[in-house]
$ cat work11.txt   # compact mmCIF, C-alpha atoms
# COMPACT_ATOMS: atom_id res chain seq x y z
CA MET Q 1 7.31 6.87 5.98
CA MET Q 2 3.69 5.75 5.97
CA ILE Q 3 2.40 2.23 6.61
CA LEU Q 4 -1.17 1.13 6.01
CA SER Q 5 -2.56 -1.95 7.71
CA PRO Q 6 -5.91 -2.41 5.95
CA GLU Q 7 -9.26 -2.86 7.62
CA PRO Q 8 -11.14 -6.07 6.78
CA ILE Q 9 -13.71 -5.68 4.01
CA ALA Q 10 -16.99 -7.50 4.63
CA ALA Q 11 -18.44 -7.15 1.13
CA ILE Q 12 -17.64 -5.59 -2.24
CA THR Q 13 -19.44 -4.99 -5.54
CA ALA Q 14 -20.38 -8.29 -7.18
CA GLY Q 15 -17.71 -9.28 -9.67
CA ALA Q 16 -14.96 -7.31 -7.93
CA GLU Q 17 -14.08 -10.02 -5.39
CA ASN Q 18 -10.59 -10.46 -6.88
CA LEU Q 19 -9.70 -7.08 -5.41
CA LEU Q 20 -9.83 -8.73 -1.98
CA THR Q 21 -7.27 -11.47 -2.70
CA ALA Q 22 -3.69 -10.86 -1.63
CA SER Q 23 -2.19 -11.46 -5.08
CA PRO Q 24 -2.30 -8.41 -7.37
CA LYS Q 25 -2.29 -10.78 -10.34
CA GLU Q 26 -5.86 -11.85 -9.55
CA VAL Q 27 -7.53 -8.84 -11.11
CA TRP Q 28 -10.93 -7.21 -11.33
CA LEU Q 29 -11.96 -6.33 -14.89
CA ALA Q 30 -14.55 -3.59 -15.31
CA GLY Q 31 -17.14 -4.73 -17.83
CA ALA Q 32 -18.47 -1.27 -18.62
CA ALA Q 33 -17.24 2.30 -18.82
CA ASN Q 34 -17.21 4.49 -15.69
CA PRO Q 35 -17.38 1.59 -13.23
CA VAL Q 36 -18.25 1.84 -9.55
CA VAL Q 37 -16.76 -0.20 -6.69
CA ASP Q 38 -18.82 -0.27 -3.48
CA ILE Q 39 -17.01 -1.36 -0.31
CA ASP Q 40 -18.74 -2.46 2.90
CA LEU Q 41 -16.55 -2.63 6.00
CA GLY Q 42 -19.34 -4.28 8.01
CA VAL Q 43 -19.20 -1.69 10.79
CA ASP Q 44 -18.08 1.92 11.07
CA ARG Q 45 -14.29 2.16 11.06
CA ALA Q 46 -11.77 5.01 11.05
CA VAL Q 47 -10.49 5.50 7.51
CA ASP Q 48 -8.04 8.07 6.16
CA THR Q 49 -6.41 6.16 3.30
CA VAL Q 50 -7.88 4.50 0.20
CA PHE Q 51 -5.75 2.46 -2.23
CA LEU Q 52 -6.67 0.88 -5.55
CA GLY Q 53 -3.52 -0.75 -6.82
CA PHE Q 54 -2.03 -2.45 -9.86
CA THR Q 55 -4.42 -0.83 -12.31
CA SER Q 56 -4.42 -0.40 -16.07
CA ALA Q 57 -5.46 3.25 -15.72
CA GLY Q 58 -4.21 5.67 -18.33
CA PRO Q 59 -3.27 9.29 -17.58
CA ALA Q 60 -6.82 10.56 -18.23
CA VAL Q 61 -8.59 8.24 -15.76
CA GLN Q 62 -10.22 10.03 -12.82
CA TRP Q 63 -11.78 8.85 -9.57
CA ARG Q 64 -14.02 10.16 -6.82
CA ILE Q 65 -14.61 8.71 -3.33
CA ILE Q 66 -17.97 8.95 -1.59
CA ALA Q 67 -19.18 7.67 1.78
CA GLY Q 68 -22.51 6.01 2.46
CA ALA Q 69 -24.38 3.01 1.08
CA GLY Q 70 -24.81 3.43 -2.65
CA GLY Q 71 -22.73 6.59 -2.57
CA ALA Q 72 -25.48 8.48 -0.75
CA GLY Q 73 -23.21 10.06 1.86
CA PRO Q 74 -20.72 12.93 1.85
CA GLU Q 75 -17.89 13.21 -0.65
CA LEU Q 76 -14.56 12.11 0.85
CA GLN Q 77 -12.46 13.01 -2.18
CA PRO Q 78 -13.57 15.16 -5.12
CA GLN Q 79 -13.04 13.89 -8.64
CA GLN Q 80 -9.39 14.08 -9.64
CA LEU Q 81 -6.80 12.34 -11.78
CA ALA Q 82 -6.28 8.86 -10.45
CA THR Q 83 -2.62 8.12 -11.18
CA ALA Q 84 0.71 9.91 -11.21
CA ALA Q 85 1.61 11.29 -14.63
CA ASP Q 86 5.19 10.03 -14.31
CA ALA Q 87 4.37 6.44 -13.29
CA ILE Q 88 7.09 4.08 -14.49
CA SER Q 89 5.08 0.92 -13.90
CA GLY Q 90 2.72 -0.55 -16.44
CA ARG Q 91 0.25 -1.04 -13.58
CA PRO Q 92 0.01 2.34 -11.80
CA HIS Q 93 -1.58 2.80 -8.39
CA MET Q 94 -4.41 5.04 -7.20
CA LEU Q 95 -3.88 6.45 -3.69
CA SER Q 96 -6.01 8.90 -1.71
CA LEU Q 97 -4.78 10.36 1.59
CA LEU Q 98 -7.70 12.04 3.35
CA ALA Q 99 -6.96 15.07 5.52
CA ALA Q 100 -8.30 13.37 8.66
CA PRO Q 101 -9.82 10.02 9.64
CA VAL Q 102 -13.57 9.62 9.09
CA MET Q 103 -15.81 7.02 10.68
CA VAL Q 104 -17.41 5.19 7.78
CA ARG Q 105 -18.84 1.79 6.90
CA HIS Q 106 -19.67 2.16 3.20
CA ILE Q 107 -17.22 3.61 0.65
CA ARG Q 108 -17.87 4.08 -3.07
CA LEU Q 109 -15.07 4.41 -5.63
CA GLN Q 110 -16.53 6.14 -8.68
CA LEU Q 111 -14.22 5.89 -11.68
CA THR Q 112 -14.26 7.85 -14.92
CA ALA Q 113 -12.61 5.29 -17.16
CA PRO Q 114 -13.24 3.24 -20.30
CA ALA Q 115 -14.55 -0.33 -20.19
CA GLY Q 116 -11.86 -2.90 -19.55
CA LEU Q 117 -10.15 -1.08 -16.67
CA MET Q 118 -8.27 -3.58 -14.51
CA ALA Q 119 -7.13 -3.43 -10.88
CA GLY Q 120 -5.52 -5.97 -8.59
CA VAL Q 121 -5.88 -4.79 -4.98
CA VAL Q 122 -8.10 -2.53 -2.88
CA MET Q 123 -7.19 -1.44 0.66
CA VAL Q 124 -8.75 1.05 3.08
CA GLY Q 125 -7.76 1.95 6.61
CA GLN Q 126 -5.94 4.36 8.89
CA ARG Q 127 -2.28 5.06 8.20
CA PHE Q 128 0.69 5.06 10.58
CA VAL Q 129 3.22 7.82 9.89
CA ALA Q 130 6.63 8.26 11.49
CA ALA Q 131 10.01 9.64 10.50
CA HIS Q 132 12.72 7.07 9.92
CA GLU Q 133 16.45 7.38 10.33
CA ARG Q 134 18.37 8.70 7.35
CA GLY Q 135 20.38 5.98 5.64
CA SER Q 136 17.40 3.66 5.49
CA GLY Q 137 15.97 3.12 2.05
CA ARG Q 138 15.25 0.75 -0.82
CA GLN Q 139 17.15 -1.61 -3.04
CA LEU Q 140 16.24 -3.69 -6.09
CA ARG Q 141 15.81 -7.43 -6.18
CA ASP Q 142 15.76 -9.32 -9.49
CA SER Q 143 14.27 -12.81 -9.33
CA SER Q 144 15.72 -13.71 -12.74
CA VAL Q 145 18.26 -16.54 -12.94
CA LYS Q 146 21.40 -16.05 -15.02
CA GLU Q 147 24.29 -18.36 -15.76
CA ASP Q 148 27.60 -17.68 -17.50
CA LEU Q 149 28.02 -19.47 -20.82
CA PRO Q 150 31.36 -20.70 -22.25
CA ASP Q 151 31.02 -18.30 -25.19
CA GLY Q 152 31.01 -15.31 -22.87
CA GLY Q 153 27.26 -14.79 -22.93
CA PHE Q 154 24.57 -15.61 -20.40
CA ALA Q 155 21.71 -18.07 -20.12
CA ILE Q 156 18.80 -16.14 -18.58
CA VAL Q 157 15.49 -17.23 -17.12
CA GLU Q 158 13.43 -14.06 -16.89
CA GLY Q 159 11.93 -13.12 -13.53
CA VAL Q 160 10.73 -9.80 -12.13
CA VAL Q 161 12.43 -6.75 -10.67
CA ARG Q 162 10.99 -5.44 -7.43
CA ALA Q 163 11.94 -3.20 -4.55
CA SER Q 164 13.00 -4.22 -1.08
CA LEU Q 165 12.80 -1.59 1.65
CA LYS Q 166 14.42 -1.33 5.04
CA TRP Q 167 13.95 1.48 7.50
CA ARG Q 168 14.81 2.17 11.14
CA PHE Q 169 12.47 4.18 13.32
CA VAL Q 170 14.12 6.08 16.18
CA GLY Q 171 12.75 8.17 19.03
CA LEU Q 172 9.25 6.71 18.85
CA SER Q 173 6.80 7.92 21.47
CA ASP Q 174 5.15 5.26 23.61
CA ALA Q 175 1.89 5.75 21.70
CA ALA Q 176 3.63 5.41 18.32
CA ARG Q 177 5.55 2.33 19.48
CA ARG Q 178 2.36 0.64 20.67
CA ARG Q 179 0.60 1.43 17.40
CA LEU Q 180 3.50 0.17 15.28
CA TRP Q 181 3.74 -2.98 17.40
CA SER Q 182 0.02 -3.60 16.96
CA LEU Q 183 0.30 -3.09 13.19
CA ALA Q 184 3.28 -5.44 12.88
CA TYR Q 185 1.73 -8.03 15.20
CA ARG Q 186 -1.51 -8.15 13.18
CA ARG Q 187 0.20 -8.38 9.76
CA GLY Q 188 3.19 -10.60 10.55
CA GLU Q 189 5.13 -11.77 7.48
CA THR Q 190 2.24 -13.21 5.46
CA ARG Q 191 -0.43 -10.47 5.35
CA PRO Q 192 0.04 -7.58 2.89
CA VAL Q 193 0.76 -4.02 3.92
CA LEU Q 194 1.12 -0.77 2.01
CA VAL Q 195 4.24 1.37 2.50
CA ILE Q 196 4.56 4.88 1.09
CA GLU Q 197 7.84 6.76 1.15
CA GLU Q 198 7.56 10.53 1.63
CA PRO Q 199 3.73 10.52 1.55
CA ASP Q 200 3.51 14.31 1.76
CA SER Q 201 5.93 14.97 -1.08
CA GLU Q 202 4.66 16.51 -4.31
CA ALA Q 203 7.90 15.72 -6.13
CA ALA Q 204 8.18 13.53 -9.20
CA GLY Q 205 8.06 9.77 -8.82
CA ALA Q 206 4.92 9.53 -6.69
CA ASP Q 207 3.92 6.13 -8.06
CA GLU Q 208 7.29 4.51 -7.47
CA ARG Q 209 7.18 5.53 -3.78
CA ILE Q 210 4.12 3.29 -3.26
CA HIS Q 211 4.97 -0.29 -2.26
CA TYR Q 212 2.51 -3.16 -1.71
CA GLY Q 213 4.02 -6.27 -0.21
CA LEU Q 214 4.96 -8.29 2.85
CA PHE Q 215 7.09 -7.59 5.88
CA ASP Q 216 10.11 -9.91 5.78
CA ARG Q 217 12.12 -8.90 8.84
CA PHE Q 218 11.51 -7.44 12.28
CA ASP Q 219 14.63 -6.57 14.24
CA ALA Q 220 14.43 -6.64 18.03
CA TYR Q 221 13.04 -3.42 19.50
CA GLU Q 222 15.87 -1.49 21.17
CA ARG Q 223 15.23 0.79 24.13
CA ALA Q 224 17.80 2.33 26.43
CA ASP Q 225 15.34 4.83 27.93
CA PRO Q 226 11.97 6.32 26.86
CA ASN Q 227 13.64 8.87 24.57
CA ASP Q 228 16.33 6.59 23.15
CA ASN Q 229 14.79 3.75 21.18
CA ALA Q 230 15.01 2.16 17.76
CA TRP Q 231 13.14 -0.42 15.72
CA ALA Q 232 14.15 -1.64 12.25
CA LEU Q 233 11.70 -3.29 9.84
CA SER Q 234 11.90 -4.37 6.23
CA MET Q 235 9.50 -5.42 3.48
CA THR Q 236 9.58 -6.68 -0.09
CA GLU Q 237 7.19 -5.68 -2.86
CA TRP Q 238 4.61 -8.07 -4.27
CA VAL Q 239 4.39 -7.54 -8.04
$ encode --input "work11.txt" --output "structure tokens"
Amino acid sequence: MMILSPEPIAAITAGAENLLTASPKEVWLAGAANPVVDIDLGVDRAVDTVFLGFTSAGPAVQWRIIAGAGGAGPELQPQQLATAADAISGRPHMLSLLAAPVMVRHIRLQLTAPAGLMAGVVMVGQRFVAAHERGSGRQLRDSSVKEDLPDGGFAIVEGVVRASLKWRFVGLSDAARRRLWSLAYRRGETRPVLVIEEPDSEAAGADERIHYGLFDRFDAYERADPNDNAWALSMTEWV
């Protein structure tokens, strides 16, 4: 399991400010083909994960990530396909997991895409990775409202279907526990996080393992001794 608590972004390409709002429904619309998004973190920060979520990217869209103001620095990710070919969502995500953290202030996302590309969220930062106990996982939540009708049918008010995830970390080292506590303390239940199930897996379903949303429960941290501890968290997707 991977959790990303994003670094604050000081400035972004003019016109792309909607990428910095929490709601993925407030979108950035690229006015021209092959758009560029420049991100300024304000100061050098450790970054190993870049996320551009809730996009309208088709299977042929590619992206490249470059460091430095105006894309003048080293390449962080070579040009590659931006989304999973088997994405089931109509708004697939772009996710780049760098091999190691780099200290960087300016990041350029260079997209090979037609005009009209849309995206809802951008996040960059350093990921937390830990194994969770088997048995933890996801379930679906449907916000629709349905009511039985006398004729045997249903009255339905359409909502959305989204995932809710719960996982239980066990055997955390002191360093991992402190880092997870810091992450949870800074995000609380009202600041978005990114959760990726099986981030190293190359199996099908890569897009559906990416979840953007809010923490909604923190169980009490349990610790019998340094090597016997557990902490359960849960989150719900924002769609």
$ closest_residue --input "work11.txt" --among "Q:Arg179, Q:His106, Q:Arg91, Q:Lys25" --to "Ile65 in chain Q" --atoms "only C-alpha atoms"
Q:His106
$ residues_around --input "work11.txt" --residues "Ala206 in chain Q" --least-positions-apart "5" --cutoff "10 Å" --atoms "only C-alpha atoms" --output "PyMOL selection string"
chain Q and resi 83-88+93+95+196-201
$ atom_distance --input "work11.txt" --atom1 "CA of Glu222 in chain Q" --atom2 "CA of Val193 in chain Q"
23.1 Å
$ closest_residue --input "work11.txt" --among "Q:Pro78, Q:Leu117, Q:Ala14, Q:Arg45" --to "Val61 in chain Q" --atoms "all atoms listed in the file"
Q:Leu117
$ closest_residue --input "work11.txt" --among "Q:Pro114, Q:Pro6, Q:Pro92, Q:Gly73" --to "Ile210 in chain Q" --atoms "only C-alpha atoms"
Q:Pro92
$ axis_aligned_box --input "work11.txt" --around "range 12-31 of chain Q" --padding-each-side "3 Å" --output "JSON"
{"center_x": -11.3, "center_y": -7.7, "center_z": -9.7, "size_x": 24.2, "size_y": 14.3, "size_z": 22.2}
$ closest_residue --input "work11.txt" --among "Q:Val121, Q:Ala176, Q:Ile3, Q:Met103" --to "Leu41 in chain Q" --atoms "all atoms listed in the file"
Q:Met103
$ closest_residue --input "work11.txt" --among "Q:Val43, Q:Ala82, Q:Ala184, Q:Leu214" --to "Ala232 in chain Q" --atoms "all atoms listed in the file"
Q:Ala184
$ atom_distance --input "work11.txt" --atom1 "CA of Arg141 in chain Q" --atom2 "CA of Trp238 in chain Q"
11.4 Å
$ residues_near_point --input "work11.txt" --point "(15.8, -1.3, 4.4)" --cutoff "9 Å" --atoms "all atoms listed in the file" --output "NGL selection string"
:Q and (135-139 or 164-168 or 232-235)
$ closest_residue --input "work11.txt" --among "Q:Glu208, Q:Asp40, Q:Glu17, Q:Asp142" --to "Val124 in chain Q" --atoms "all atoms listed in the file"
Q:Asp40
$ residues_around --input "work11.txt" --residues "Gln77 in chain Q" --least-positions-apart "4" --cutoff "10 Å" --atoms "all atoms listed in the file" --output "JSON, numbers by chain"
{"Q": [50, 63, 64, 65, 66, 67, 96, 97, 98, 99, 109]}
$ residues_around --input "work11.txt" --residues "Gln110 in chain Q" --least-positions-apart "3" --cutoff "10 Å" --atoms "only C-alpha atoms" --output "list in words"
Asn34, Pro35, Val36, Val37, Asp38, Gln62, Trp63, Arg64, Ile65, Ile66, Gly71, Gln79, Ile107 and Ala113 of chain Q
$ residues_around --input "work11.txt" --residues "Pro192 in chain Q" --least-positions-apart "5" --cutoff "12 Å" --atoms "all atoms listed in the file" --output "JSON, numbers by chain"
{"Q": [3, 4, 5, 6, 7, 8, 20, 21, 22, 23, 24, 121, 122, 123, 183, 184, 186, 187, 211, 212, 213, 214, 215, 216, 235, 236, 237, 238, 239]}
$ atom_distance --input "work11.txt" --atom1 "CA of Gly116 in chain Q" --atom2 "CA of Ser143 in chain Q"
29.8 Å
$ residues_around --input "work11.txt" --residues "Gly120 in chain Q" --least-positions-apart "6" --cutoff "8 Å" --atoms "all atoms listed in the file" --output "list in words"
Asn18, Leu19, Ser23, Pro24, Lys25, Glu26, Val27, Trp28, Leu52, Gly53, Phe54 and Thr55 of chain Q
$ build_atoms --input "work11.txt" --residues "range 82-99 of chain Q" --atoms "N, CA and C atoms" --output "PDB file, keeping the file's coordinate frame"
ATOM      1  N   ALA Q  82      -6.426  10.003 -11.333  1.00  0.00           N
ATOM      2  CA  ALA Q  82      -6.280   8.860 -10.450  1.00  0.00           C
ATOM      3  C   ALA Q  82      -4.846   8.392 -10.273  1.00  0.00           C
ATOM      4  N   THR Q  83      -3.978   8.651 -11.246  1.00  0.00           N
ATOM      5  CA  THR Q  83      -2.620   8.120 -11.180  1.00  0.00           C
ATOM      6  C   THR Q  83      -1.600   9.225 -11.424  1.00  0.00           C
ATOM      7  N   ALA Q  84      -0.372   8.955 -10.997  1.00  0.00           N
ATOM      8  CA  ALA Q  84       0.710   9.910 -11.210  1.00  0.00           C
ATOM      9  C   ALA Q  84       1.081   9.947 -12.688  1.00  0.00           C
ATOM     10  N   ALA Q  85       1.303  11.142 -13.206  1.00  0.00           N
ATOM     11  CA  ALA Q  85       1.610  11.290 -14.630  1.00  0.00           C
ATOM     12  C   ALA Q  85       2.943  10.662 -14.999  1.00  0.00           C
ATOM     13  N   ASP Q  86       3.853  10.538 -14.012  1.00  0.00           N
ATOM     14  CA  ASP Q  86       5.190  10.030 -14.310  1.00  0.00           C
ATOM     15  C   ASP Q  86       5.376   8.581 -13.858  1.00  0.00           C
ATOM     16  N   ALA Q  87       4.284   7.828 -13.734  1.00  0.00           N
ATOM     17  CA  ALA Q  87       4.370   6.440 -13.290  1.00  0.00           C
ATOM     18  C   ALA Q  87       5.254   5.637 -14.230  1.00  0.00           C
ATOM     19  N   ILE Q  88       6.196   4.884 -13.666  1.00  0.00           N
ATOM     20  CA  ILE Q  88       7.090   4.080 -14.490  1.00  0.00           C
ATOM     21  C   ILE Q  88       6.585   2.651 -14.641  1.00  0.00           C
ATOM     22  N   SER Q  89       5.630   2.266 -13.833  1.00  0.00           N
ATOM     23  CA  SER Q  89       5.080   0.920 -13.900  1.00  0.00           C
ATOM     24  C   SER Q  89       3.988   0.851 -14.945  1.00  0.00           C
ATOM     25  N   GLY Q  90       3.826  -0.327 -15.527  1.00  0.00           N
ATOM     26  CA  GLY Q  90       2.720  -0.550 -16.440  1.00  0.00           C
ATOM     27  C   GLY Q  90       1.409  -0.771 -15.720  1.00  0.00           C
ATOM     28  N   ARG Q  91       1.445  -0.828 -14.386  1.00  0.00           N
ATOM     29  CA  ARG Q  91       0.250  -1.040 -13.580  1.00  0.00           C
ATOM     30  C   ARG Q  91       0.221   0.004 -12.456  1.00  0.00           C
ATOM     31  N   PRO Q  92      -0.068   1.260 -12.790  1.00  0.00           N
ATOM     32  CA  PRO Q  92       0.010   2.340 -11.800  1.00  0.00           C
ATOM     33  C   PRO Q  92      -1.032   2.207 -10.693  1.00  0.00           C
ATOM     34  N   HIS Q  93      -0.725   2.858  -9.565  1.00  0.00           N
ATOM     35  CA  HIS Q  93      -1.580   2.800  -8.390  1.00  0.00           C
ATOM     36  C   HIS Q  93      -2.422   4.067  -8.244  1.00  0.00           C
ATOM     37  N   MET Q  94      -3.580   3.911  -7.599  1.00  0.00           N
ATOM     38  CA  MET Q  94      -4.410   5.040  -7.200  1.00  0.00           C
ATOM     39  C   MET Q  94      -4.366   5.118  -5.671  1.00  0.00           C
ATOM     40  N   LEU Q  95      -4.016   6.275  -5.131  1.00  0.00           N
ATOM     41  CA  LEU Q  95      -3.880   6.450  -3.690  1.00  0.00           C
ATOM     42  C   LEU Q  95      -4.520   7.761  -3.272  1.00  0.00           C
ATOM     43  N   SER Q  96      -5.384   7.702  -2.263  1.00  0.00           N
ATOM     44  CA  SER Q  96      -6.010   8.900  -1.710  1.00  0.00           C
ATOM     45  C   SER Q  96      -5.693   8.984  -0.229  1.00  0.00           C
ATOM     46  N   LEU Q  97      -5.085  10.096   0.184  1.00  0.00           N
ATOM     47  CA  LEU Q  97      -4.780  10.360   1.590  1.00  0.00           C
ATOM     48  C   LEU Q  97      -5.724  11.449   2.073  1.00  0.00           C
ATOM     49  N   LEU Q  98      -6.736  11.072   2.846  1.00  0.00           N
ATOM     50  CA  LEU Q  98      -7.700  12.040   3.350  1.00  0.00           C
ATOM     51  C   LEU Q  98      -7.041  12.911   4.417  1.00  0.00           C
ATOM     52  N   ALA Q  99      -7.560  14.117   4.586  1.00  0.00           N
ATOM     53  CA  ALA Q  99      -6.960  15.070   5.520  1.00  0.00           C
ATOM     54  C   ALA Q  99      -7.050  14.597   6.964  1.00  0.00           C
TER      55      ALA Q  99
END
